[in-house]
file my_file07.txt (compact mmCIF, C-alpha atoms)
# COMPACT_ATOMS: atom_id res chain seq x y z
CA MET O 1 67.81 -3.90 70.50
CA ALA O 2 66.24 -6.25 68.01
CA ARG O 3 64.59 -4.61 65.04
CA LYS O 4 60.84 -5.33 64.69
CA ARG O 5 60.08 -7.30 61.61
CA GLY O 6 57.42 -5.75 59.38
CA SER O 7 54.50 -8.01 58.67
CA ASN O 8 53.94 -8.73 54.97
CA LYS O 9 50.20 -8.47 54.38
CA VAL O 10 48.75 -10.52 51.52
CA ASN O 11 45.95 -8.90 49.51
CA LYS O 12 43.46 -11.70 49.21
CA ASP O 13 41.19 -9.68 46.91
CA ALA O 14 43.80 -9.00 44.25
CA TRP O 15 42.28 -11.67 42.00
CA LEU O 16 39.19 -9.49 41.67
CA ASN O 17 41.15 -7.04 39.52
CA THR O 18 42.07 -9.76 37.06
CA TYR O 19 38.56 -11.11 37.09
CA ALA O 20 37.07 -7.65 36.46
CA ASP O 21 39.48 -7.09 33.55
CA MET O 22 38.50 -10.43 32.07
CA ILE O 23 34.76 -9.63 32.34
CA THR O 24 35.34 -6.24 30.71
CA LEU O 25 37.21 -7.84 27.81
CA ILE O 26 34.47 -10.43 27.35
CA LEU O 27 31.88 -7.66 27.33
CA VAL O 28 33.85 -5.71 24.71
CA PHE O 29 34.23 -8.89 22.66
CA PHE O 30 30.48 -9.51 22.62
CA ILE O 31 29.78 -5.88 21.77
CA LEU O 32 32.11 -6.23 18.80
CA LEU O 33 30.37 -9.42 17.74
CA TYR O 34 26.98 -7.73 17.99
CA SER O 35 28.09 -4.71 15.99
CA MET O 36 29.46 -6.98 13.27
CA SER O 37 26.29 -9.10 13.25
CA THR O 38 24.28 -6.07 12.11
CA ILE O 39 26.13 -6.32 8.79
CA ASP O 40 26.72 -2.61 8.76
CA GLN O 41 29.53 -2.06 6.25
CA GLU O 42 30.43 1.34 7.64
CA LYS O 43 30.77 0.03 11.21
CA TYR O 44 32.91 -2.84 10.02
CA ARG O 45 35.22 -0.51 8.13
CA MET O 46 35.62 1.81 11.15
CA LEU O 47 36.34 -1.16 13.41
CA VAL O 48 39.09 -2.50 11.17
CA GLU O 49 40.64 0.94 10.77
CA ALA O 50 40.67 1.38 14.54
CA PHE O 51 42.70 -1.81 15.07
CA THR O 52 45.12 -1.68 12.17
CA THR O 53 47.57 0.67 10.56
CA ASP O 54 48.63 -1.77 7.87
CA PRO O 55 48.65 0.14 4.53
CA ALA O 56 47.72 -2.99 2.56
CA THR O 57 44.64 -3.62 4.70
CA LEU O 58 43.54 0.01 4.47
CA GLU O 59 43.95 -0.07 0.71
CA GLN O 60 41.82 -3.21 0.60
CA LEU O 61 39.08 -1.46 2.56
CA LYS O 62 39.20 1.48 0.17
CA GLN O 63 38.76 -0.88 -2.79
CA MET O 64 35.81 -2.56 -1.07
CA ASP O 65 34.11 0.82 -0.59
CA GLN O 66 34.49 1.63 -4.26
CA ASP O 67 33.07 -1.76 -5.27
CA ASN O 68 30.09 -1.30 -2.96
CA MET O 69 29.35 2.12 -4.40
CA GLY O 70 29.18 0.58 -7.85
CA GLN O 71 26.86 -2.17 -6.68
CA GLY O 72 24.75 0.33 -4.80
CA GLY O 73 23.92 2.14 -7.99
CA ALA O 74 22.72 -1.04 -9.62
CA SER O 75 20.80 -1.96 -6.49
CA GLY O 76 19.15 1.45 -6.51
CA GLU O 77 17.99 0.88 -10.05
CA ILE O 78 16.50 -2.50 -9.11
CA GLU O 79 14.73 -1.01 -6.12
CA GLY O 80 13.34 1.70 -8.33
CA GLN O 81 12.06 -0.87 -10.79
CA ASN O 82 10.44 -2.86 -7.99
CA GLY O 83 8.84 0.29 -6.68
CA ASP O 84 7.42 0.99 -10.12
CA GLN O 85 6.07 -2.53 -10.31
CA GLU O 86 4.40 -2.21 -6.92
CA GLU O 87 2.93 1.12 -7.91
CA SER O 88 1.62 -0.28 -11.18
CA GLY O 89 0.19 -3.22 -9.22
CA LYS O 90 -1.96 -0.96 -7.06
CA ILE O 91 -5.66 -1.61 -7.49
CA ASP O 92 -6.90 1.81 -8.59
CA ASN O 93 -9.54 0.92 -11.20
CA LEU O 94 -12.13 -1.73 -11.96
CA ASP O 95 -9.98 -3.54 -14.52
CA LYS O 96 -7.27 -4.23 -11.94
CA LEU O 97 -9.87 -5.21 -9.35
CA TYR O 98 -11.46 -7.66 -11.78
CA ASN O 99 -8.10 -9.24 -12.68
CA TYR O 100 -7.04 -9.43 -9.02
CA LEU O 101 -10.21 -11.25 -7.98
CA LYS O 102 -10.25 -13.44 -11.07
CA ASP O 103 -6.68 -14.59 -10.39
CA TYR O 104 -7.59 -15.43 -6.80
CA VAL O 105 -10.56 -17.54 -7.90
CA ASN O 106 -8.49 -19.42 -10.47
CA GLU O 107 -5.54 -20.02 -8.14
CA ASN O 108 -7.81 -21.43 -5.44
CA ASN O 109 -10.08 -23.44 -7.77
CA LEU O 110 -13.20 -21.56 -6.67
CA GLN O 111 -14.78 -21.39 -10.13
CA ASN O 112 -17.77 -23.46 -8.98
CA SER O 113 -18.42 -21.27 -5.94
CA VAL O 114 -17.48 -17.76 -7.09
CA GLN O 115 -18.46 -15.98 -10.28
CA ILE O 116 -16.89 -12.69 -11.37
CA GLU O 117 -18.13 -10.49 -14.20
CA LYS O 118 -17.21 -7.02 -15.36
CA GLY O 119 -19.32 -4.38 -17.06
CA GLU O 120 -18.38 -0.94 -18.29
CA ASN O 121 -18.66 0.68 -14.86
CA LEU O 122 -19.25 -2.32 -12.62
CA VAL O 123 -17.54 -5.38 -11.18
CA TYR O 124 -19.94 -8.11 -10.08
CA VAL O 125 -18.96 -10.91 -7.69
CA ARG O 126 -21.32 -13.75 -6.83
CA PHE O 127 -20.58 -16.10 -3.92
CA MET O 128 -22.56 -19.20 -3.09
CA SER O 129 -23.92 -18.51 0.38
CA SER O 130 -22.52 -21.83 1.67
CA LEU O 131 -19.04 -20.22 1.50
CA PHE O 132 -20.09 -17.68 4.13
CA PHE O 133 -23.02 -19.12 6.07
CA GLU O 134 -24.45 -22.32 7.42
CA ALA O 135 -28.02 -23.22 6.51
CA ASP O 136 -30.65 -20.79 7.85
CA ARG O 137 -27.98 -18.80 9.72
CA ALA O 138 -26.49 -15.32 9.28
CA VAL O 139 -23.19 -15.77 11.15
CA LEU O 140 -20.02 -15.74 9.04
CA ARG O 141 -18.07 -18.98 8.91
CA THR O 142 -14.29 -18.99 9.42
CA GLY O 143 -13.66 -20.03 5.84
CA GLY O 144 -15.89 -17.20 4.66
CA THR O 145 -13.94 -14.59 6.57
CA GLU O 146 -10.72 -15.75 4.91
CA ILE O 147 -12.22 -15.07 1.49
CA LEU O 148 -13.70 -11.76 2.65
CA ASP O 149 -10.29 -10.70 3.96
CA TYR O 150 -8.79 -11.16 0.52
CA VAL O 151 -11.69 -9.36 -1.19
CA GLY O 152 -11.77 -6.66 1.49
CA LYS O 153 -8.11 -5.70 0.97
CA ALA O 154 -8.78 -5.18 -2.72
CA LEU O 155 -11.94 -3.16 -2.01
CA GLY O 156 -10.01 -1.00 0.45
CA GLU O 157 -7.50 -0.14 -2.28
CA VAL O 158 -10.07 0.62 -4.97
CA GLU O 159 -12.42 2.47 -2.58
CA PRO O 160 -11.17 6.01 -3.42
CA TYR O 161 -11.94 5.42 -7.12
CA ILE O 162 -15.49 4.06 -6.84
CA LYS O 163 -18.93 5.38 -5.92
CA PHE O 164 -20.47 2.47 -4.03
CA ILE O 165 -20.18 -1.14 -2.87
CA ARG O 166 -23.51 -2.96 -2.63
CA ILE O 167 -23.97 -6.32 -0.93
CA ASP O 168 -27.06 -8.28 -1.99
CA GLY O 169 -28.38 -11.24 -0.04
CA HIS O 170 -30.48 -13.96 -1.70
CA THR O 171 -32.15 -17.11 -0.43
CA ALA O 172 -33.98 -19.95 -2.19
CA GLU O 173 -37.64 -20.85 -2.01
CA ALA O 174 -37.95 -24.14 -0.19
CA ALA O 175 -40.55 -26.75 -0.93
CA PRO O 176 -43.96 -25.71 0.47
CA GLY O 177 -44.37 -26.57 4.12
CA THR O 178 -40.71 -27.48 4.70
CA SER O 179 -39.34 -24.18 6.05
CA THR O 180 -40.39 -21.55 8.55
CA VAL O 181 -37.47 -19.21 7.80
CA ASP O 182 -38.17 -15.54 7.14
CA ASN O 183 -36.37 -15.44 3.78
CA ARG O 184 -36.50 -11.68 3.44
CA GLY O 185 -35.09 -11.19 6.92
CA LEU O 186 -32.44 -13.92 6.50
CA SER O 187 -31.15 -12.49 3.22
CA THR O 188 -31.04 -8.99 4.72
CA ASP O 189 -29.21 -10.21 7.83
CA ARG O 190 -26.62 -12.01 5.70
CA ALA O 191 -26.02 -8.96 3.51
CA ASN O 192 -25.61 -6.79 6.61
CA GLU O 193 -23.23 -9.31 8.19
CA VAL O 194 -20.93 -9.10 5.16
CA LEU O 195 -21.28 -5.32 5.10
CA ARG O 196 -20.31 -4.93 8.75
CA TYR O 197 -17.30 -7.19 8.31
CA LEU O 198 -15.99 -5.08 5.42
CA GLU O 199 -16.83 -1.79 7.14
CA ASN O 200 -15.09 -2.69 10.39
CA ARG O 201 -11.88 -3.80 8.69
CA TYR O 202 -11.34 -2.40 5.21
CA ILE O 203 -13.73 0.36 4.14
CA HIS O 204 -13.03 3.91 5.34
CA GLU O 205 -16.14 5.60 3.95
CA PRO O 206 -19.19 3.72 5.26
CA SER O 207 -21.46 5.89 3.10
CA LYS O 208 -20.23 3.93 0.08
CA LEU O 209 -21.56 0.67 1.53
CA MET O 210 -25.15 -0.57 1.26
CA ALA O 211 -26.87 -3.89 1.92
CA VAL O 212 -30.02 -5.26 0.30
CA GLY O 213 -31.97 -8.41 1.12
CA TYR O 214 -34.04 -9.82 -1.76
CA GLY O 215 -35.21 -13.03 -0.13
CA TYR O 216 -36.02 -15.59 -2.82
CA TYR O 217 -37.60 -13.05 -5.18
CA ARG O 218 -34.65 -12.78 -7.60
CA PRO O 219 -33.65 -16.37 -8.40
CA VAL O 220 -31.03 -17.14 -11.03
CA ALA O 221 -32.29 -20.70 -11.53
CA PRO O 222 -35.63 -22.50 -11.12
CA ASN O 223 -36.31 -23.80 -7.63
CA ASP O 224 -37.00 -27.30 -8.92
CA SER O 225 -33.92 -29.10 -7.55
CA GLU O 226 -31.50 -28.85 -4.67
CA GLU O 227 -28.71 -28.01 -7.13
CA ASN O 228 -30.65 -25.05 -8.49
CA ARG O 229 -31.72 -23.91 -5.03
CA ALA O 230 -28.02 -23.88 -4.06
CA LYS O 231 -27.38 -21.51 -6.98
CA ASN O 232 -30.09 -19.16 -5.74
CA ARG O 233 -28.68 -19.05 -2.22
CA ARG O 234 -25.97 -16.49 -2.81
CA VAL O 235 -24.31 -13.26 -1.75
CA GLU O 236 -23.43 -10.72 -4.40
CA ILE O 237 -21.05 -7.78 -4.18
CA LEU O 238 -21.38 -5.02 -6.74
CA ILE O 239 -18.63 -2.41 -7.07
CA ALA O 240 -19.43 0.58 -9.30
CA GLN O 241 -17.75 3.77 -10.44
CA GLN O 242 -21.03 5.56 -11.08
CA ASP O 243 -24.16 5.97 -9.00
CA ALA O 244 -26.89 7.70 -11.00
CA LEU O 245 -29.44 7.27 -8.22
CA GLN O 246 -27.19 8.89 -5.59
CA ASP O 247 -26.30 11.69 -8.00
CA GLU O 248 -30.02 12.40 -8.44
CA LEU O 249 -30.57 12.28 -4.67
CA ASP O 250 -27.66 14.69 -4.14
CA ARG O 251 -29.32 17.05 -6.60
CA ILE O 252 -32.60 16.84 -4.67
CA TYR O 253 -30.75 17.35 -1.37
CA SER O 254 -29.10 20.46 -2.74
CA LEU O 255 -32.49 21.80 -3.88
CA ASP O 256 -33.98 21.09 -0.45
CA SER O 257 -31.07 22.85 1.16
CA GLY O 258 -31.52 25.86 -1.10
CA THR O 259 -35.25 25.96 -0.36
CA SER O 260 -34.65 25.78 3.37
CA SER O 261 -32.10 28.55 3.18
CA GLY O 262 -34.56 30.66 1.26
CA GLN O 263 -37.30 30.13 3.84
CA ASP O 264 -34.91 30.99 6.65
CA ASN O 265 -34.04 34.24 4.95
CA GLU O 266 -37.70 35.35 4.58
call {"tool": "encode", "arguments": {"input": "my_file07.txt", "output": "structure tokens"}}
result
Amino acid sequence: MARKRGSNKVNKDAWLNTYADMITLILVFFILLYSMSTIDQEKYRMLVEAFTTDPATLEQLKQMDQDNMGQGGASGEIEGQNGDQEESGKIDNLDKLYNYLKDYVNENNLQNSVQIEKGENLVYVRFMSSLFFEADRAVLRTGGTEILDYVGKALGEVEPYIKFIRIDGHTAEAAPGTSTVDNRGLSTDRANEVLRYLENRYIHEPSKLMAVGYGYYRPVAPNDSEENRAKNRRVEILIAQQDALQDELDRIYSLDSGTSSGQDNE
């Protein structure tokens, strides 16, 4: 009787095993590349140690670790020095605020548009209103907000060390019969517009902010030419470490509170 021949079956899917192994190796390769791209010295050292037992290579790694430790100490000192510089650069008094703003004005050639003065307990900044506002309007211009952002960051830093920030709005008296603008209202609206911008972005204690509109009643130059009228159209920011008026009001408030308490107790 003839013996039945066994059929040799061919596994057509055997190539999938090789393909899967290849994909796994590629994945591992990219993981290794990623881990090395993080420039983590410790990971790199562990990776090399895992794939080699060569004493010379291990000794080289050991030497690299020692060198890095030495450089780390120096780096730490530099970081400490930088930290000290940043700390010393913090705006925590009026002198630093004055220098910070003065440098900004000089670097950006704004001497004709911005004036900065410093008193014993006050920093005074005067801006020509054309930097912030169009004629007869109280809406901040884009260029004005850029300047206010720079000033606002400084005010936010110095805020804990000061008593108040006052924004004064001023207009110029136009020739008789040439303007129907409410100068008092316009100057007040402009001062409030600057105040709200600073309050919404940089100032944490709104009670330290105030706005005043003087109209054209406090000119700094005669209103006899357009050049002088441009000088009178201005926004001023006053930053002070003392507030005698508020101190006196606080005293009155405390007396009122004491009187009220006394009446309640009777």
call {"tool": "residues_around", "arguments": {"input": "my_file07.txt", "residues": "stretch 185-194 of chain O", "least_positions_apart": "4", "cutoff": "10 Å", "atoms": "all atoms listed in the file", "output": "MDAnalysis selection string"}}
result
chainID O and resid 129 132:133 136:140 144:145 148 166:172 181 198:199 209:216 233:237
call {"tool": "write_last_selection", "arguments": {"input": "my_file07.txt", "atoms": "C-alpha atoms", "output": "PDB file, keeping the file's coordinate frame"}}
result
ATOM      1  CA  SER O 129     -23.920 -18.510   0.380  1.00  0.00           C
ATOM      2  CA  PHE O 132     -20.090 -17.680   4.130  1.00  0.00           C
ATOM      3  CA  PHE O 133     -23.020 -19.120   6.070  1.00  0.00           C
ATOM      4  CA  ASP O 136     -30.650 -20.790   7.850  1.00  0.00           C
ATOM      5  CA  ARG O 137     -27.980 -18.800   9.720  1.00  0.00           C
ATOM      6  CA  ALA O 138     -26.490 -15.320   9.280  1.00  0.00           C
ATOM      7  CA  VAL O 139     -23.190 -15.770  11.150  1.00  0.00           C
ATOM      8  CA  LEU O 140     -20.020 -15.740   9.040  1.00  0.00           C
ATOM      9  CA  GLY O 144     -15.890 -17.200   4.660  1.00  0.00           C
ATOM     10  CA  THR O 145     -13.940 -14.590   6.570  1.00  0.00           C
ATOM     11  CA  LEU O 148     -13.700 -11.760   2.650  1.00  0.00           C
ATOM     12  CA  ARG O 166     -23.510  -2.960  -2.630  1.00  0.00           C
ATOM     13  CA  ILE O 167     -23.970  -6.320  -0.930  1.00  0.00           C
ATOM     14  CA  ASP O 168     -27.060  -8.280  -1.990  1.00  0.00           C
ATOM     15  CA  GLY O 169     -28.380 -11.240  -0.040  1.00  0.00           C
ATOM     16  CA  HIS O 170     -30.480 -13.960  -1.700  1.00  0.00           C
ATOM     17  CA  THR O 171     -32.150 -17.110  -0.430  1.00  0.00           C
ATOM     18  CA  ALA O 172     -33.980 -19.950  -2.190  1.00  0.00           C
ATOM     19  CA  VAL O 181     -37.470 -19.210   7.800  1.00  0.00           C
ATOM     20  CA  LEU O 198     -15.990  -5.080   5.420  1.00  0.00           C
ATOM     21  CA  GLU O 199     -16.830  -1.790   7.140  1.00  0.00           C
ATOM     22  CA  LEU O 209     -21.560   0.670   1.530  1.00  0.00           C
ATOM     23  CA  MET O 210     -25.150  -0.570   1.260  1.00  0.00           C
ATOM     24  CA  ALA O 211     -26.870  -3.890   1.920  1.00  0.00           C
ATOM     25  CA  VAL O 212     -30.020  -5.260   0.300  1.00  0.00           C
ATOM     26  CA  GLY O 213     -31.970  -8.410   1.120  1.00  0.00           C
ATOM     27  CA  TYR O 214     -34.040  -9.820  -1.760  1.00  0.00           C
ATOM     28  CA  GLY O 215     -35.210 -13.030  -0.130  1.00  0.00           C
ATOM     29  CA  TYR O 216     -36.020 -15.590  -2.820  1.00  0.00           C
ATOM     30  CA  ARG O 233     -28.680 -19.050  -2.220  1.00  0.00           C
ATOM     31  CA  ARG O 234     -25.970 -16.490  -2.810  1.00  0.00           C
ATOM     32  CA  VAL O 235     -24.310 -13.260  -1.750  1.00  0.00           C
ATOM     33  CA  GLU O 236     -23.430 -10.720  -4.400  1.00  0.00           C
ATOM     34  CA  ILE O 237     -21.050  -7.780  -4.180  1.00  0.00           C
TER      35      ILE O 237
END
call {"tool": "closest_residue", "arguments": {"input": "my_file07.txt", "among": "O:Tyr161, O:Gly119, O:Asp224, O:Phe30", "to": "O:Ala175", "atoms": "only C-alpha atoms"}}
result
O:Asp224
call {"tool": "atom_distance", "arguments": {"input": "my_file07.txt", "atom1": "atom CA of O:Arg196", "atom2": "atom CA of O:Gly152"}}
result
11.3 Å
call {"tool": "axis_aligned_box", "arguments": {"input": "my_file07.txt", "around": "stretch 182-198 of chain O", "padding_each_side": "6 Å", "output": "lines of an AutoDock Vina configuration file"}}
result
center_x = -27.1
center_y = -10.2
center_z = 6.0
size_x = 34.2
size_y = 22.6
size_z = 17.5
call {"tool": "atom_distance", "arguments": {"input": "my_file07.txt", "atom1": "atom CA of O:Thr142", "atom2": "atom CA of O:Arg218"}}
result
27.3 Å
call {"tool": "atom_distance", "arguments": {"input": "my_file07.txt", "atom1": "atom CA of O:Ile91", "atom2": "atom CA of O:Ala154"}}
result
6.7 Å
call {"tool": "residues_around", "arguments": {"input": "my_file07.txt", "residues": "O:Leu101", "least_positions_apart": "3", "cutoff": "10 Å", "atoms": "only C-alpha atoms", "output": "PyMOL selection string"}}
result
chain O and resi 96-98+104-107+114-116+123+125+150-151+154
call {"tool": "closest_residue", "arguments": {"input": "my_file07.txt", "among": "O:Asn121, O:His204, O:Lys231, O:Ser130", "to": "O:Glu173", "atoms": "only C-alpha atoms"}}
result
O:Lys231
call {"tool": "closest_residue", "arguments": {"input": "my_file07.txt", "among": "O:Ile252, O:Ala230, O:Gln246, O:Asn183", "to": "O:Tyr217", "atoms": "only C-alpha atoms"}}
result
O:Asn183
call {"tool": "decode", "arguments": {"input": "my_file07.txt", "residues": "stretch 112-210 of chain O", "atoms": "C-alpha atoms", "output": "mmCIF file, in the first residue's frame"}}
result
data_model
loop_
_atom_site.group_PDB
_atom_site.id
_atom_site.type_symbol
_atom_site.label_atom_id
_atom_site.label_comp_id
_atom_site.auth_asym_id
_atom_site.auth_seq_id
_atom_site.Cartn_x
_atom_site.Cartn_y
_atom_site.Cartn_z
ATOM 1 C CA ASN O 112 11.138 115.606 23.143
ATOM 2 C CA SER O 113 7.961 113.740 24.095
ATOM 3 C CA VAL O 114 8.627 112.467 27.618
ATOM 4 C CA GLN O 115 10.029 114.355 30.583
ATOM 5 C CA ILE O 116 11.094 112.641 33.806
ATOM 6 C CA GLU O 117 11.973 114.396 37.052
ATOM 7 C CA LYS O 118 12.654 113.163 40.553
ATOM 8 C CA GLY O 119 12.044 114.836 43.888
ATOM 9 C CA GLU O 120 12.786 113.636 47.388
ATOM 10 C CA ASN O 121 9.672 111.459 47.618
ATOM 11 C CA LEU O 122 8.280 111.705 44.104
ATOM 12 C CA VAL O 123 8.933 110.624 40.524
ATOM 13 C CA TYR O 124 7.221 112.789 37.926
ATOM 14 C CA VAL O 125 6.653 111.667 34.327
ATOM 15 C CA ARG O 126 5.171 113.968 31.700
ATOM 16 C CA PHE O 127 3.949 112.604 28.358
ATOM 17 C CA MET O 128 2.786 114.715 25.456
ATOM 18 C CA SER O 129 -0.820 113.668 24.966
ATOM 19 C CA SER O 130 -0.195 112.993 21.250
ATOM 20 C CA LEU O 131 1.738 109.859 22.339
ATOM 21 C CA PHE O 132 -1.454 108.403 23.810
ATOM 22 C CA PHE O 133 -4.416 110.105 22.144
ATOM 23 C CA GLU O 134 -5.612 111.546 18.889
ATOM 24 C CA ALA O 135 -6.931 115.096 18.870
ATOM 25 C CA ASP O 136 -10.109 115.602 20.933
ATOM 26 C CA ARG O 137 -10.304 111.868 21.710
ATOM 27 C CA ALA O 138 -9.815 109.800 24.869
ATOM 28 C CA VAL O 139 -9.082 106.385 23.318
ATOM 29 C CA LEU O 140 -5.539 105.056 23.733
ATOM 30 C CA ARG O 141 -3.519 104.698 20.552
ATOM 31 C CA THR O 142 -1.556 101.500 19.862
ATOM 32 C CA GLY O 143 1.762 103.293 20.179
ATOM 33 C CA GLY O 144 0.641 104.715 23.502
ATOM 34 C CA THR O 145 -0.162 101.307 24.928
ATOM 35 C CA GLU O 146 3.339 100.092 24.065
ATOM 36 C CA ILE O 147 4.835 102.878 26.174
ATOM 37 C CA LEU O 148 2.313 102.294 28.966
ATOM 38 C CA ASP O 149 3.201 98.601 29.005
ATOM 39 C CA TYR O 150 6.825 99.454 29.680
ATOM 40 C CA VAL O 151 5.922 102.017 32.349
ATOM 41 C CA GLY O 152 3.254 99.736 33.832
ATOM 42 C CA LYS O 153 5.698 96.868 34.428
ATOM 43 C CA ALA O 154 7.947 99.209 36.385
ATOM 44 C CA LEU O 155 5.009 100.594 38.375
ATOM 45 C CA GLY O 156 3.881 97.062 39.180
ATOM 46 C CA GLU O 157 7.294 96.306 40.668
ATOM 47 C CA VAL O 158 7.559 99.494 42.716
ATOM 48 C CA GLU O 159 3.899 99.414 43.824
ATOM 49 C CA PRO O 160 4.522 97.725 47.222
ATOM 50 C CA TYR O 161 6.960 100.511 48.172
ATOM 51 C CA ILE O 162 4.848 103.558 47.288
ATOM 52 C CA LYS O 163 1.731 105.285 48.592
ATOM 53 C CA PHE O 164 -0.001 106.426 45.414
ATOM 54 C CA ILE O 165 0.103 106.775 41.632
ATOM 55 C CA ARG O 166 -1.738 109.818 40.304
ATOM 56 C CA ILE O 167 -2.561 110.379 36.643
ATOM 57 C CA ASP O 168 -3.241 113.989 35.648
ATOM 58 C CA GLY O 169 -4.879 114.934 32.370
ATOM 59 C CA HIS O 170 -4.324 118.365 30.771
ATOM 60 C CA THR O 171 -5.626 120.012 27.626
ATOM 61 C CA ALA O 172 -4.804 123.318 25.922
ATOM 62 C CA GLU O 173 -7.005 126.349 25.503
ATOM 63 C CA ALA O 174 -7.844 126.699 21.843
ATOM 64 C CA ALA O 175 -8.315 129.976 20.062
ATOM 65 C CA PRO O 176 -11.717 131.513 20.936
ATOM 66 C CA GLY O 177 -14.530 130.146 18.828
ATOM 67 C CA THR O 178 -12.491 127.308 17.297
ATOM 68 C CA SER O 179 -13.395 124.426 19.633
ATOM 69 C CA THR O 180 -16.505 123.012 21.244
ATOM 70 C CA VAL O 181 -14.657 120.387 23.290
ATOM 71 C CA ASP O 182 -15.400 120.071 27.000
ATOM 72 C CA ASN O 183 -11.776 120.449 28.121
ATOM 73 C CA ARG O 184 -12.426 119.491 31.714
ATOM 74 C CA GLY O 185 -14.284 116.361 30.664
ATOM 75 C CA LEU O 186 -11.729 115.438 27.979
ATOM 76 C CA SER O 187 -8.771 115.742 30.360
ATOM 77 C CA THR O 188 -10.604 113.685 32.985
ATOM 78 C CA ASP O 189 -11.542 110.993 30.461
ATOM 79 C CA ARG O 190 -7.936 110.730 29.273
ATOM 80 C CA ALA O 191 -6.590 110.441 32.819
ATOM 81 C CA ASN O 192 -9.149 107.737 33.583
ATOM 82 C CA GLU O 193 -8.311 105.874 30.369
ATOM 83 C CA VAL O 194 -4.650 105.655 31.400
ATOM 84 C CA LEU O 195 -5.652 104.709 34.939
ATOM 85 C CA ARG O 196 -7.894 101.859 33.793
ATOM 86 C CA TYR O 197 -5.195 100.518 31.495
ATOM 87 C CA LEU O 198 -2.671 100.356 34.345
ATOM 88 C CA GLU O 199 -5.217 98.993 36.824
ATOM 89 C CA ASN O 200 -6.381 96.192 34.550
ATOM 90 C CA ARG O 201 -2.867 94.989 33.754
ATOM 91 C CA TYR O 202 -0.228 95.988 36.275
ATOM 92 C CA ILE O 203 -1.514 97.496 39.527
ATOM 93 C CA HIS O 204 -2.762 95.130 42.233
ATOM 94 C CA GLU O 205 -4.019 97.726 44.720
ATOM 95 C CA PRO O 206 -6.484 100.005 42.895
ATOM 96 C CA SER O 207 -6.740 102.206 45.993
ATOM 97 C CA LYS O 208 -3.270 103.538 45.175
ATOM 98 C CA LEU O 209 -4.469 104.866 41.816
ATOM 99 C CA MET O 210 -6.213 108.195 41.241
#
